[in-house]
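K.L.:
Here you go, final-v7.cif (mmCIF, C-alpha atoms):
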data_data
loop_
_atom_site.label_atom_id
_atom_site.label_comp_id
_atom_site.auth_asym_id
_atom_site.auth_seq_id
_atom_site.Cartn_x
_atom_site.Cartn_y
_atom_site.Cartn_z
CA MET A 1 -17.69 -13.33 14.87
CA GLU A 2 -16.52 -12.87 11.27
CA ARG A 3 -16.74 -9.08 11.65
CA TRP A 4 -14.37 -9.23 14.63
CA LYS A 5 -12.09 -11.47 12.59
CA GLY A 6 -11.97 -8.78 9.89
CA ILE A 7 -11.29 -6.05 12.46
CA LEU A 8 -8.41 -8.05 13.91
CA LEU A 9 -6.98 -8.76 10.45
CA ILE A 10 -7.03 -5.09 9.37
CA ILE A 11 -5.54 -3.81 12.63
CA VAL A 12 -2.71 -6.36 12.73
CA GLY A 13 -2.09 -6.08 8.98
CA SER A 14 -2.00 -2.27 9.09
CA MET A 15 0.34 -2.23 12.08
CA MET A 16 2.69 -4.71 10.41
CA TRP A 17 2.71 -2.77 7.11
CA GLY A 18 3.25 0.47 9.05
CA ALA A 19 6.21 -1.15 10.81
CA THR A 20 7.87 -2.18 7.54
CA GLY A 21 8.22 1.49 6.52
CA PRO A 22 10.81 2.37 9.20
CA MET A 23 12.48 -1.00 8.66
CA MET A 24 12.93 -0.24 4.94
CA GLU A 25 14.13 3.27 5.80
CA TRP A 26 16.79 1.75 8.06
CA VAL A 27 17.96 -0.66 5.33
CA LEU A 28 18.23 2.12 2.74
CA ASN A 29 20.15 4.35 5.17
CA ASN A 30 22.54 1.66 6.37
CA SER A 31 23.38 -0.26 3.20
CA ASN A 32 24.22 0.26 -0.45
CA LEU A 33 21.20 -1.68 -1.65
CA SER A 34 19.32 -0.01 -4.49
CA ILE A 35 15.53 0.13 -4.58
CA SER A 36 15.37 -2.11 -7.63
CA TYR A 37 17.60 -4.82 -6.19
CA PHE A 38 15.96 -4.72 -2.77
CA LEU A 39 12.43 -4.99 -4.19
CA THR A 40 13.41 -7.71 -6.67
CA ILE A 41 14.64 -9.89 -3.80
CA ARG A 42 11.67 -9.04 -1.61
CA LEU A 43 8.93 -9.64 -4.16
CA ILE A 44 10.36 -12.81 -5.71
CA ALA A 45 11.18 -14.40 -2.33
CA ALA A 46 7.79 -13.53 -0.84
CA GLY A 47 5.90 -14.64 -3.95
CA ILE A 48 7.65 -18.01 -4.10
CA CYS A 49 7.06 -18.62 -0.37
CA ILE A 50 3.32 -17.97 -0.69
CA LEU A 51 2.95 -20.15 -3.80
CA VAL A 52 4.96 -23.02 -2.28
CA PHE A 53 2.80 -22.83 0.84
CA LEU A 54 -0.34 -23.06 -1.31
CA LYS A 55 1.10 -25.93 -3.35
CA LEU A 56 1.85 -27.89 -0.17
CA GLN A 57 -1.83 -27.46 0.70
CA ARG A 58 -2.67 -28.99 -2.69
CA LYS A 59 -4.09 -25.76 -4.09
CA GLN A 60 -4.31 -25.41 -7.88
CA ILE A 61 -1.96 -22.45 -8.15
CA PHE A 62 -1.42 -22.75 -11.92
CA ALA A 63 -5.09 -22.90 -12.90
CA ILE A 64 -5.32 -19.13 -13.19
CA TRP A 65 -2.71 -19.18 -15.98
CA LYS A 66 -5.05 -21.25 -18.16
CA GLU A 67 -7.78 -18.59 -18.14
CA THR A 68 -6.79 -15.81 -20.57
CA ILE A 69 -9.19 -13.19 -19.21
CA TRP A 70 -8.01 -13.71 -15.62
CA LEU A 71 -4.34 -14.01 -16.59
CA LYS A 72 -4.46 -10.59 -18.25
CA GLN A 73 -5.88 -9.05 -15.08
CA LEU A 74 -3.29 -10.87 -12.96
CA LEU A 75 -0.42 -9.50 -15.05
CA ILE A 76 -1.81 -5.96 -14.83
CA PHE A 77 -2.17 -6.27 -11.05
CA GLY A 78 1.32 -7.73 -10.64
CA VAL A 79 3.03 -4.94 -12.62
CA PHE A 80 0.94 -1.83 -11.95
CA GLY A 81 -0.63 -2.78 -8.62
CA MET A 82 1.83 -4.87 -6.62
CA LEU A 83 5.11 -3.66 -8.15
CA GLY A 84 3.73 -0.15 -8.57
CA VAL A 85 2.79 0.37 -4.93
CA GLN A 86 5.96 -1.30 -3.67
CA TYR A 87 8.34 0.71 -5.85
CA THR A 88 6.72 4.11 -5.35
CA PHE A 89 6.43 3.52 -1.61
CA VAL A 90 10.09 2.61 -1.15
CA ALA A 91 11.19 5.45 -3.46
CA ALA A 92 9.12 7.88 -1.39
CA ILE A 93 10.79 6.56 1.78
CA GLU A 94 14.23 7.02 0.24
CA GLU A 95 13.47 10.62 -0.75
CA SER A 96 11.72 11.56 2.53
CA ASN A 97 10.98 9.13 5.37
CA ALA A 98 8.64 6.29 6.29
CA SER A 99 6.08 8.51 8.04
CA ILE A 100 5.62 10.88 5.08
CA ALA A 101 5.49 8.04 2.55
CA THR A 102 2.90 6.13 4.58
CA LEU A 103 0.67 9.19 4.94
CA LEU A 104 0.88 10.11 1.25
CA GLN A 105 -0.45 6.71 0.22
CA PHE A 106 -3.70 7.72 1.98
CA LEU A 107 -4.36 10.08 -0.93
CA GLY A 108 -5.53 7.00 -2.81
CA PRO A 109 -9.28 7.65 -2.34
CA ILE A 110 -8.91 11.08 -3.98
CA TYR A 111 -7.46 9.54 -7.13
CA ILE A 112 -10.28 7.00 -7.24
CA ILE A 113 -12.88 9.77 -6.92
CA LEU A 114 -11.25 11.89 -9.64
CA PHE A 115 -10.98 8.91 -12.00
CA VAL A 116 -14.62 7.92 -11.51
CA SER A 117 -15.74 11.55 -12.02
CA TRP A 118 -13.68 11.84 -15.21
CA LYS A 119 -14.95 8.50 -16.51
CA ASN A 120 -18.58 9.45 -15.85
CA LYS A 121 -18.03 13.04 -17.08
CA MET A 122 -19.56 14.57 -13.97
CA TYR A 123 -18.41 16.52 -10.92
CA PRO A 124 -17.96 14.66 -7.61
CA PRO A 125 -20.84 15.00 -5.11
CA LYS A 126 -20.53 17.65 -2.40
CA TYR A 127 -19.43 15.29 0.36
CA GLN A 128 -16.51 14.12 -1.80
CA ILE A 129 -15.50 17.69 -2.64
CA ILE A 130 -15.48 18.49 1.09
CA GLY A 131 -13.39 15.39 1.77
CA ILE A 132 -10.90 16.22 -0.99
CA ILE A 133 -10.47 19.83 0.18
CA GLY A 134 -10.06 18.75 3.81
CA THR A 135 -7.50 16.08 2.89
CA LEU A 136 -5.49 18.56 0.81
CA VAL A 137 -5.54 21.09 3.67
CA GLY A 138 -4.13 18.40 5.95
CA LEU A 139 -1.52 17.51 3.32
CA PHE A 140 -0.52 21.18 3.04
CA LEU A 141 0.01 21.41 6.81
CA LEU A 142 1.99 18.15 6.80
CA LEU A 143 4.32 19.24 4.01
CA THR A 144 4.82 22.89 5.04
CA ASN A 145 4.14 23.07 8.80
CA ALA A 146 1.76 25.95 7.90
CA LYS A 147 4.52 28.06 6.37
CA LEU A 148 3.56 29.24 2.89
CA ASP A 149 7.14 29.81 1.75
CA GLN A 150 8.61 26.39 2.51
CA LEU A 151 8.18 22.79 1.50
CA LEU A 152 9.61 20.39 4.07
CA ILE A 153 10.29 17.62 1.55
CA SER A 154 12.07 17.65 -1.80
CA ASN A 155 10.25 17.85 -5.12
CA GLU A 156 11.34 14.27 -5.83
CA ALA A 157 9.82 13.09 -2.54
CA LEU A 158 6.56 14.88 -3.33
CA ILE A 159 6.38 13.31 -6.82
CA TRP A 160 7.01 9.80 -5.49
CA GLY A 161 4.60 10.40 -2.62
CA LEU A 162 1.81 11.42 -4.97
CA ALA A 163 2.60 8.38 -7.10
CA VAL A 164 2.17 6.17 -4.02
CA GLY A 165 -1.44 7.35 -3.76
CA VAL A 166 -2.10 6.43 -7.39
CA THR A 167 -0.56 2.97 -7.19
CA PHE A 168 -2.14 2.26 -3.79
CA SER A 169 -5.57 2.99 -5.25
CA ILE A 170 -4.87 0.56 -8.13
CA TYR A 171 -3.55 -2.05 -5.69
CA THR A 172 -6.63 -1.73 -3.46
CA VAL A 173 -9.43 -1.56 -6.04
CA TYR A 174 -8.26 -3.43 -9.15
CA PRO A 175 -7.81 -7.01 -7.81
CA ALA A 176 -11.24 -7.27 -6.11
CA ARG A 177 -12.75 -9.53 -8.81
CA LEU A 178 -9.54 -11.53 -9.13
CA MET A 179 -9.43 -12.30 -5.41
CA LYS A 180 -13.11 -13.16 -5.26
CA GLU A 181 -12.61 -15.68 -8.07
CA TRP A 182 -9.21 -17.15 -7.15
CA GLY A 183 -8.55 -16.25 -3.52
CA VAL A 184 -6.32 -13.69 -1.84
CA LEU A 185 -3.19 -15.82 -1.44
CA VAL A 186 -3.08 -17.02 -5.06
CA VAL A 187 -3.44 -13.48 -6.40
CA VAL A 188 -0.95 -11.94 -3.92
CA GLY A 189 1.58 -14.73 -4.45
CA TRP A 190 1.53 -14.51 -8.25
CA GLY A 191 1.29 -10.70 -8.08
CA MET A 192 4.51 -10.53 -6.06
CA LEU A 193 6.34 -13.01 -8.28
CA ILE A 194 5.22 -11.26 -11.48
CA GLY A 195 6.17 -7.86 -10.07
CA GLY A 196 9.57 -9.10 -8.90
CA VAL A 197 10.45 -10.83 -12.17
CA THR A 198 9.33 -7.78 -14.16
CA LEU A 199 11.56 -5.52 -12.08
CA ALA A 200 14.47 -7.96 -12.38
CA ILE A 201 14.17 -7.93 -16.18
CA ILE A 202 13.91 -4.13 -16.36
CA SER A 203 16.72 -3.39 -13.90
CA GLY A 204 18.98 -6.37 -14.63
CA SER A 205 19.21 -7.18 -10.91
CA TRP A 206 20.76 -10.61 -11.51
CA ARG A 207 23.86 -8.83 -12.83
CA SER A 208 24.07 -6.57 -9.78
CA ASN A 209 27.16 -6.43 -7.57
CA GLU A 210 24.90 -5.92 -4.52
CA TRP A 211 24.58 -9.62 -3.70
CA ASP A 212 27.43 -9.45 -1.19
CA GLN A 213 25.40 -6.94 0.85
CA LEU A 214 23.07 -9.74 1.90
CA VAL A 215 25.81 -11.62 3.79
CA HIS A 216 26.36 -8.75 6.19
CA TYR A 217 24.68 -8.75 9.58
CA PRO A 218 22.29 -7.12 10.48
CA ILE A 219 21.36 -6.13 6.89
CA ASN A 220 20.43 -9.71 6.00
CA ILE A 221 18.29 -10.12 9.14
CA MET A 222 16.43 -6.87 8.52
CA VAL A 223 15.76 -7.74 4.86
CA LEU A 224 14.43 -11.15 5.94
CA CYS A 225 12.17 -9.51 8.54
CA ILE A 226 10.83 -7.05 5.95
CA ILE A 227 10.01 -9.91 3.56
CA ILE A 228 8.20 -11.91 6.25
CA VAL A 229 6.40 -9.04 8.00
CA GLY A 230 5.51 -7.25 4.76
CA THR A 231 4.12 -10.40 3.12
CA ILE A 232 1.95 -11.24 6.13
CA ALA A 233 0.75 -7.61 6.23
CA PHE A 234 -0.31 -7.72 2.56
CA VAL A 235 -2.26 -10.94 3.07
CA LEU A 236 -3.96 -9.78 6.29
CA PHE A 237 -4.90 -6.38 4.84
CA LEU A 238 -6.50 -7.80 1.72
CA SER A 239 -8.12 -10.71 3.57
CA SER A 240 -9.88 -8.34 5.99
CA MET A 241 -11.96 -6.87 3.17
CA LYS A 242 -14.03 -10.06 3.03
CA TYR A 243 -15.35 -9.53 6.56
CA ILE A 244 -15.72 -5.79 7.23
CA THR A 245 -17.21 -2.76 5.49
CA ALA A 246 -15.35 -0.07 3.58
CA VAL A 247 -16.02 2.33 6.48
CA GLU A 248 -14.36 0.04 9.01
CA THR A 249 -11.45 -0.62 6.65
CA SER A 250 -10.85 3.11 6.18
CA ILE A 251 -11.01 3.91 9.88
CA LEU A 252 -8.95 0.99 11.14
CA SER A 253 -6.26 1.26 8.46
CA SER A 254 -5.38 4.62 10.03
CA VAL A 255 -3.39 2.49 12.47
CA GLU A 256 -0.80 2.11 9.69
CA PRO A 257 0.60 5.69 9.53
CA LEU A 258 0.31 6.05 13.29
CA THR A 259 2.41 2.91 13.74
CA ALA A 260 5.02 4.20 11.27
CA MET A 261 5.16 7.57 13.05
CA ILE A 262 5.50 6.08 16.55
CA ILE A 263 8.27 3.71 15.46
CA SER A 264 10.07 6.52 13.58
CA VAL A 265 9.95 8.78 16.64
CA ILE A 266 11.30 6.03 18.93
CA TRP A 267 13.81 4.53 16.47
CA PHE A 268 15.06 7.54 14.48
CA GLY A 269 14.06 10.40 16.78
CA GLN A 270 12.02 11.98 13.97
CA ILE A 271 9.85 14.76 15.37
CA LEU A 272 7.28 16.64 13.29
CA GLY A 273 6.28 20.26 13.81
CA ALA A 274 3.08 21.09 15.70
CA TRP A 275 1.18 22.02 12.52
CA GLN A 276 2.41 18.86 10.84
CA TYR A 277 0.79 16.73 13.55
CA ILE A 278 -2.41 18.71 13.08
CA GLY A 279 -2.11 18.03 9.34
CA VAL A 280 -1.80 14.29 10.01
CA ILE A 281 -4.99 14.33 12.08
CA VAL A 282 -6.86 16.42 9.49
CA MET A 283 -5.78 14.11 6.65
CA LEU A 284 -6.85 10.96 8.44
CA LEU A 285 -10.19 12.50 9.49
CA PHE A 286 -11.13 13.62 6.00
CA VAL A 287 -9.94 10.44 4.27
CA THR A 288 -12.19 8.59 6.71
CA TRP A 289 -14.97 11.10 5.96
CA LEU A 290 -14.77 10.27 2.26
CA THR A 291 -15.48 6.63 3.00
CA VAL A 292 -17.99 7.11 5.82
CA ALA A 293 -20.09 9.68 3.96
CA GLY A 294 -20.09 7.57 0.82
CA GLU A 295 -21.18 4.47 2.73
CA ILE A 296 -23.98 6.37 4.50
CA LYS A 297 -25.21 7.83 1.20
CA TRP A 298 -25.17 4.42 -0.48
CA GLU A 299 -27.07 2.83 2.43
CA PHE A 300 -29.67 5.62 2.33
CA LYS A 301 -30.25 5.09 -1.38
CA ARG A 302 -30.49 1.33 -0.92
CA ARG A 303 -33.15 1.62 1.77
CA LYS A 304 -35.03 4.28 -0.15
#
For the file at hand, write its structure as structure tokens.

P.N.:
Amino acid sequence: MERWKGILLIIVGSMMWGATGPMMEWVLNNSNLSISYFLTIRLIAAGICILVFLKLQRKQIFAIWKETIWLKQLLIFGVFGMLGVQYTFVAAIEESNASIATLLQFLGPIYIILFVSWKNKMYPPKYQIIGIIGTLVGLFLLLTNAKLDQLLISNEALIWGLAVGVTFSIYTVYPARLMKEWGVLVVVGWGMLIGGVTLAIISGSWRSNEWDQLVHYPINIMVLCIIIVGTIAFVLFLSSMKYITAVETSILSSVEPLTAMIISVIWFGQILGAWQYIGVIVMLLFVTWLTVAGEIKWEFKRRK
């Protein structure tokens, strides 16, 4: 029963997060809101809502601030994990589109593999090398439509897209111990609030002249929907990891880019080239392969 609960959580969470991509693309295209201002509002509002909800349930939301070792990890997650993945993702959307940005975040496993290999001063095993090569082939097809002399996105979009993969890997892996100790909602709520306040301080959002944008319909409704849907998606995605394996998470989270692509086609009329669709399939297959092969190898060693 708990396994099916995890499957439901990851599917719904991935679909909701995939849907927020086109929604954010629409806001950026139809308003004068900057990335910094938009994310400051989103993160602070969502973080406060989660923490107030927990407080009403009589949860000890401030206890984590009394533990220095955990507080340090929380601050790192809030700035480099939560704010990092949010900012790079929205910047990638602004420079390209929601479909491309969502797919590029799936490069996260490659960064994790490379980091672990560098840390251990050893080459990745063969199955990981195969997975990396296959994923990069799919990425090449996605970004060029199999034409060697053209790149279908700007250099800025490519840089932000690659950064999404890095921050998504930090966001996924780093808070595991934190969430096990303090719970998903406490960590996500404080992570969002810390990320939002940090961005506000850096960008000076409180002095922005963009506040009047939020009184205009339907901009205000769409921003509210993004905050609600995106926050629920974050919680569902991270909560699912308690009930299902890494293999199932990898496979089922593929719903996310597919959701973003379907909505973008229907809403914006965005059509990819034939080789780009093949690239999408190849990327998702080999990203899944990285996880599946690793899980099988680990299980074999455990039984042996």

K.L.:
Calculate how many Å separate atom CA of Ser14 of chain A from atom CA of Ile64 of chain A, rounding to one decimal.

P.N.:
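One can read the atom CA of Ser14 of chain A to atom CA of Ile64 of chain A distance as 28.1 Å.
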
K.L.:
Kindly assemble as CSV a list of the segment 181-253 of chain A residues that lie within 8 Å of segment 76-79 of chain A, each paired with its nearest atom pair and their distance in Å to one decimal, using only C-alpha atoms, sorted first by chain and then by ascending residue number.

P.N.:
residue,atom,partner,partner_atom,distance
A:Trp190,CA,A:Gly78,CA,7.2
A:Gly191,CA,A:Gly78,CA,3.9
A:Met192,CA,A:Gly78,CA,6.2
A:Leu193,CA,A:Gly78,CA,7.7
A:Ile194,CA,A:Gly78,CA,5.3
A:Gly195,CA,A:Gly78,CA,4.9
A:Thr198,CA,A:Val79,CA,7.1

K.L.:
Can you spell out as number ranges by chain the set of residues that the PyMOL selection byres ((chain A and resi 134) around 9) selects in the structure I just provided?

P.N.:
A: 129-133, 135-139, 282-283, 285-287

K.L.:
Would you save the residues of that selection, restricted to C-alpha atoms, as a short mmCIF file (atom, residue, chain, number, x, y, z; two decimals), in the coordinates of the input?

P.N.:
data_model
loop_
_atom_site.label_atom_id
_atom_site.label_comp_id
_atom_site.auth_asym_id
_atom_site.auth_seq_id
_atom_site.Cartn_x
_atom_site.Cartn_y
_atom_site.Cartn_z
CA ILE A 129 -15.50 17.69 -2.64
CA ILE A 130 -15.48 18.49 1.09
CA GLY A 131 -13.39 15.39 1.77
CA ILE A 132 -10.90 16.22 -0.99
CA ILE A 133 -10.47 19.83 0.18
CA THR A 135 -7.50 16.08 2.89
CA LEU A 136 -5.49 18.56 0.81
CA VAL A 137 -5.54 21.09 3.67
CA GLY A 138 -4.13 18.40 5.95
CA LEU A 139 -1.52 17.51 3.32
CA VAL A 282 -6.86 16.42 9.49
CA MET A 283 -5.78 14.11 6.65
CA LEU A 285 -10.19 12.50 9.49
CA PHE A 286 -11.13 13.62 6.00
CA VAL A 287 -9.94 10.44 4.27
#

K.L.:
Of the candidates A:Leu214, A:Ala163, A:Cys225, A:Leu284, which shows the shortest atom-to-atom distance to Val90 of chain A, using all atoms listed in the file?

P.N.:
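Of A:Leu214, A:Ala163, A:Cys225, A:Leu284, the one nearest Val90 of chain A, counting all atoms listed in the file, is A:Ala163.
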
K.L.:
Can you list, as a ChimeraX atom specification, every protein, DNA or RNA residue that comes within 8 Å of Trp17 of chain A when you count only C-alpha atoms, leaving out same-chain residues fewer than 6 positions away?

P.N.:
/A:229-230,233-234,256

K.L.:
Those selected residues, please, written with C-alpha atoms and delivered as a PDB file, in the frame of the given file.

P.N.:
ATOM      1  CA  VAL A 229       6.400  -9.040   8.000  1.00  0.00           C
ATOM      2  CA  GLY A 230       5.510  -7.250   4.760  1.00  0.00           C
ATOM      3  CA  ALA A 233       0.750  -7.610   6.230  1.00  0.00           C
ATOM      4  CA  PHE A 234      -0.310  -7.720   2.560  1.00  0.00           C
ATOM      5  CA  GLU A 256      -0.800   2.110   9.690  1.00  0.00           C
TER       6      GLU A 256
END

K.L.:
Rounded to one decimal place, report the atom CA of Asn220 of chain A-atom CA of Ala260 of chain A distance in Å.

P.N.:
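According to the coordinates, atom CA of Asn220 of chain A and atom CA of Ala260 of chain A are separated by 21.4 Å.
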
K.L.:
Exactly which residues make up the result of the PyMOL selection byres ((chain A and resi 80) around 12) on this file, given as a VMD selection string?

P.N.:
chain A and resid 73 to 79 81 to 88 163 to 164 166 to 175 191 to 192 194 to 196 198 to 199

K.L.:
Can you give me, as a list in words, the residues this file yields under the PyMOL selection byres ((chain A and resi 145) around 9)?

P.N.:
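Applied to this file, the PyMOL selection byres ((chain A and resi 145) around 9) returns Phe140, Leu141, Leu142, Leu143, Thr144, Ala146, Lys147, Leu148, Gln150, Leu151, Leu152, Leu272, Gly273, Ala274, Trp275, Gln276, Tyr277, Ile278 and Gly279 of chain A.
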
K.L.:
Would you put the residues from that selection into a file with C-alpha atoms, as a PDB file, in the frame of the given file?

P.N.:
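As written to disk, result_37.pdb reads:
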ATOM      1  CA  PHE A 140      -0.520  21.180   3.040  1.00  0.00           C
ATOM      2  CA  LEU A 141       0.010  21.410   6.810  1.00  0.00           C
ATOM      3  CA  LEU A 142       1.990  18.150   6.800  1.00  0.00           C
ATOM      4  CA  LEU A 143       4.320  19.240   4.010  1.00  0.00           C
ATOM      5  CA  THR A 144       4.820  22.890   5.040  1.00  0.00           C
ATOM      6  CA  ALA A 146       1.760  25.950   7.900  1.00  0.00           C
ATOM      7  CA  LYS A 147       4.520  28.060   6.370  1.00  0.00           C
ATOM      8  CA  LEU A 148       3.560  29.240   2.890  1.00  0.00           C
ATOM      9  CA  GLN A 150       8.610  26.390   2.510  1.00  0.00           C
ATOM     10  CA  LEU A 151       8.180  22.790   1.500  1.00  0.00           C
ATOM     11  CA  LEU A 152       9.610  20.390   4.070  1.00  0.00           C
ATOM     12  CA  LEU A 272       7.280  16.640  13.290  1.00  0.00           C
ATOM     13  CA  GLY A 273       6.280  20.260  13.810  1.00  0.00           C
ATOM     14  CA  ALA A 274       3.080  21.090  15.700  1.00  0.00           C
ATOM     15  CA  TRP A 275       1.180  22.020  12.520  1.00  0.00           C
ATOM     16  CA  GLN A 276       2.410  18.860  10.840  1.00  0.00           C
ATOM     17  CA  TYR A 277       0.790  16.730  13.550  1.00  0.00           C
ATOM     18  CA  ILE A 278      -2.410  18.710  13.080  1.00  0.00           C
ATOM     19  CA  GLY A 279      -2.110  18.030   9.340  1.00  0.00           C
TER      20      GLY A 279
END

K.L.:
Taking a cut-off of 10 Å and counting only C-alpha atoms, can you build a table that, for each residue of segment 200-295 of chain A near segment 95-108 of chain A, reports the nearest atom pair and how far apart they are in Å (one decimal), sorted by chain then residue number, as JSON lines?

P.N.:
{"residue": "A:Ser250", "atom": "CA", "partner": "A:Phe106", "partner_atom": "CA", "distance": 9.5}
{"residue": "A:Ser253", "atom": "CA", "partner": "A:Phe106", "partner_atom": "CA", "distance": 9.5}
{"residue": "A:Ser254", "atom": "CA", "partner": "A:Phe106", "partner_atom": "CA", "distance": 8.8}
{"residue": "A:Glu256", "atom": "CA", "partner": "A:Thr102", "partner_atom": "CA", "distance": 7.5}
{"residue": "A:Pro257", "atom": "CA", "partner": "A:Thr102", "partner_atom": "CA", "distance": 5.5}
{"residue": "A:Leu258", "atom": "CA", "partner": "A:Ser99", "partner_atom": "CA", "distance": 8.2}
{"residue": "A:Thr259", "atom": "CA", "partner": "A:Ser99", "partner_atom": "CA", "distance": 8.8}
{"residue": "A:Ala260", "atom": "CA", "partner": "A:Ser99", "partner_atom": "CA", "distance": 5.5}
{"residue": "A:Met261", "atom": "CA", "partner": "A:Ser99", "partner_atom": "CA", "distance": 5.2}
{"residue": "A:Ile262", "atom": "CA", "partner": "A:Ser99", "partner_atom": "CA", "distance": 8.9}
{"residue": "A:Ile263", "atom": "CA", "partner": "A:Ser99", "partner_atom": "CA", "distance": 9.1}
{"residue": "A:Ser264", "atom": "CA", "partner": "A:Ser99", "partner_atom": "CA", "distance": 7.1}
{"residue": "A:Val265", "atom": "CA", "partner": "A:Ser99", "partner_atom": "CA", "distance": 9.4}
{"residue": "A:Gln270", "atom": "CA", "partner": "A:Ser99", "partner_atom": "CA", "distance": 9.1}
{"residue": "A:Leu272", "atom": "CA", "partner": "A:Ser99", "partner_atom": "CA", "distance": 9.8}
{"residue": "A:Val280", "atom": "CA", "partner": "A:Leu103", "partner_atom": "CA", "distance": 7.6}
{"residue": "A:Met283", "atom": "CA", "partner": "A:Phe106", "partner_atom": "CA", "distance": 8.2}
{"residue": "A:Leu284", "atom": "CA", "partner": "A:Phe106", "partner_atom": "CA", "distance": 7.9}
{"residue": "A:Val287", "atom": "CA", "partner": "A:Phe106", "partner_atom": "CA", "distance": 7.2}
{"residue": "A:Thr288", "atom": "CA", "partner": "A:Phe106", "partner_atom": "CA", "distance": 9.8}

K.L.:
Please return as a tab-separated table (two decimals) with C-alpha atoms, in the frame of the given file every residue within 9 Å of (-6.9, -5.8, 6.4), taking into account all atoms listed in the file and the file's own coordinates.

P.N.:
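Below is the file that was written, point_19.tsv:
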chain	number	residue	atom	x	y	z
A	6	GLY	CA	-11.97	-8.78	9.89
A	7	ILE	CA	-11.29	-6.05	12.46
A	8	LEU	CA	-8.41	-8.05	13.91
A	9	LEU	CA	-6.98	-8.76	10.45
A	10	ILE	CA	-7.03	-5.09	9.37
A	11	ILE	CA	-5.54	-3.81	12.63
A	12	VAL	CA	-2.71	-6.36	12.73
A	13	GLY	CA	-2.09	-6.08	8.98
A	14	SER	CA	-2.00	-2.27	9.09
A	233	ALA	CA	0.75	-7.61	6.23
A	234	PHE	CA	-0.31	-7.72	2.56
A	235	VAL	CA	-2.26	-10.94	3.07
A	236	LEU	CA	-3.96	-9.78	6.29
A	237	PHE	CA	-4.90	-6.38	4.84
A	238	LEU	CA	-6.50	-7.80	1.72
A	239	SER	CA	-8.12	-10.71	3.57
A	240	SER	CA	-9.88	-8.34	5.99
A	241	MET	CA	-11.96	-6.87	3.17
A	242	LYS	CA	-14.03	-10.06	3.03
A	244	ILE	CA	-15.72	-5.79	7.23
A	249	THR	CA	-11.45	-0.62	6.65
A	252	LEU	CA	-8.95	0.99	11.14
A	253	SER	CA	-6.26	1.26	8.46

K.L.:
Could you check the closest approach to Trp70 of chain A for each of A:Ile228, A:Leu178, A:Val52, A:Ile221 and tell me which residue wins, using all atoms listed in the file?

P.N.:
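So, comparing all the options, the nearest one is A:Leu178.
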
K.L.:
Go through A:Glu2, A:Leu39, A:Ser154, A:Trp26 one by one, measure the shortest atom-to-atom distance of each to Ser203 of chain A using only C-alpha atoms, and give the residue with the smallest value.

P.N.:
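Once distances to Ser203 of chain A are computed over only C-alpha atoms, the minimum belongs to A:Leu39.
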
K.L.:
Could you tell me which of A:Gln128, A:Ser117, A:Asn32, A:Asn209 comes closest to Trp289 of chain A if we count only C-alpha atoms?

P.N.:
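Among A:Gln128, A:Ser117, A:Asn32, A:Asn209, it is A:Gln128 that comes nearest to Trp289 of chain A.
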
K.L.:
Quick one: 4 Å padding each side, axis-aligned, all listed atoms of segment 156-170 of chain A - centre and edge lengths in Å to one decimal, as JSON?

P.N.:
{"center_x": 2.9, "center_y": 7.7, "center_z": -5.3, "size_x": 24.9, "size_y": 22.3, "size_z": 13.6}
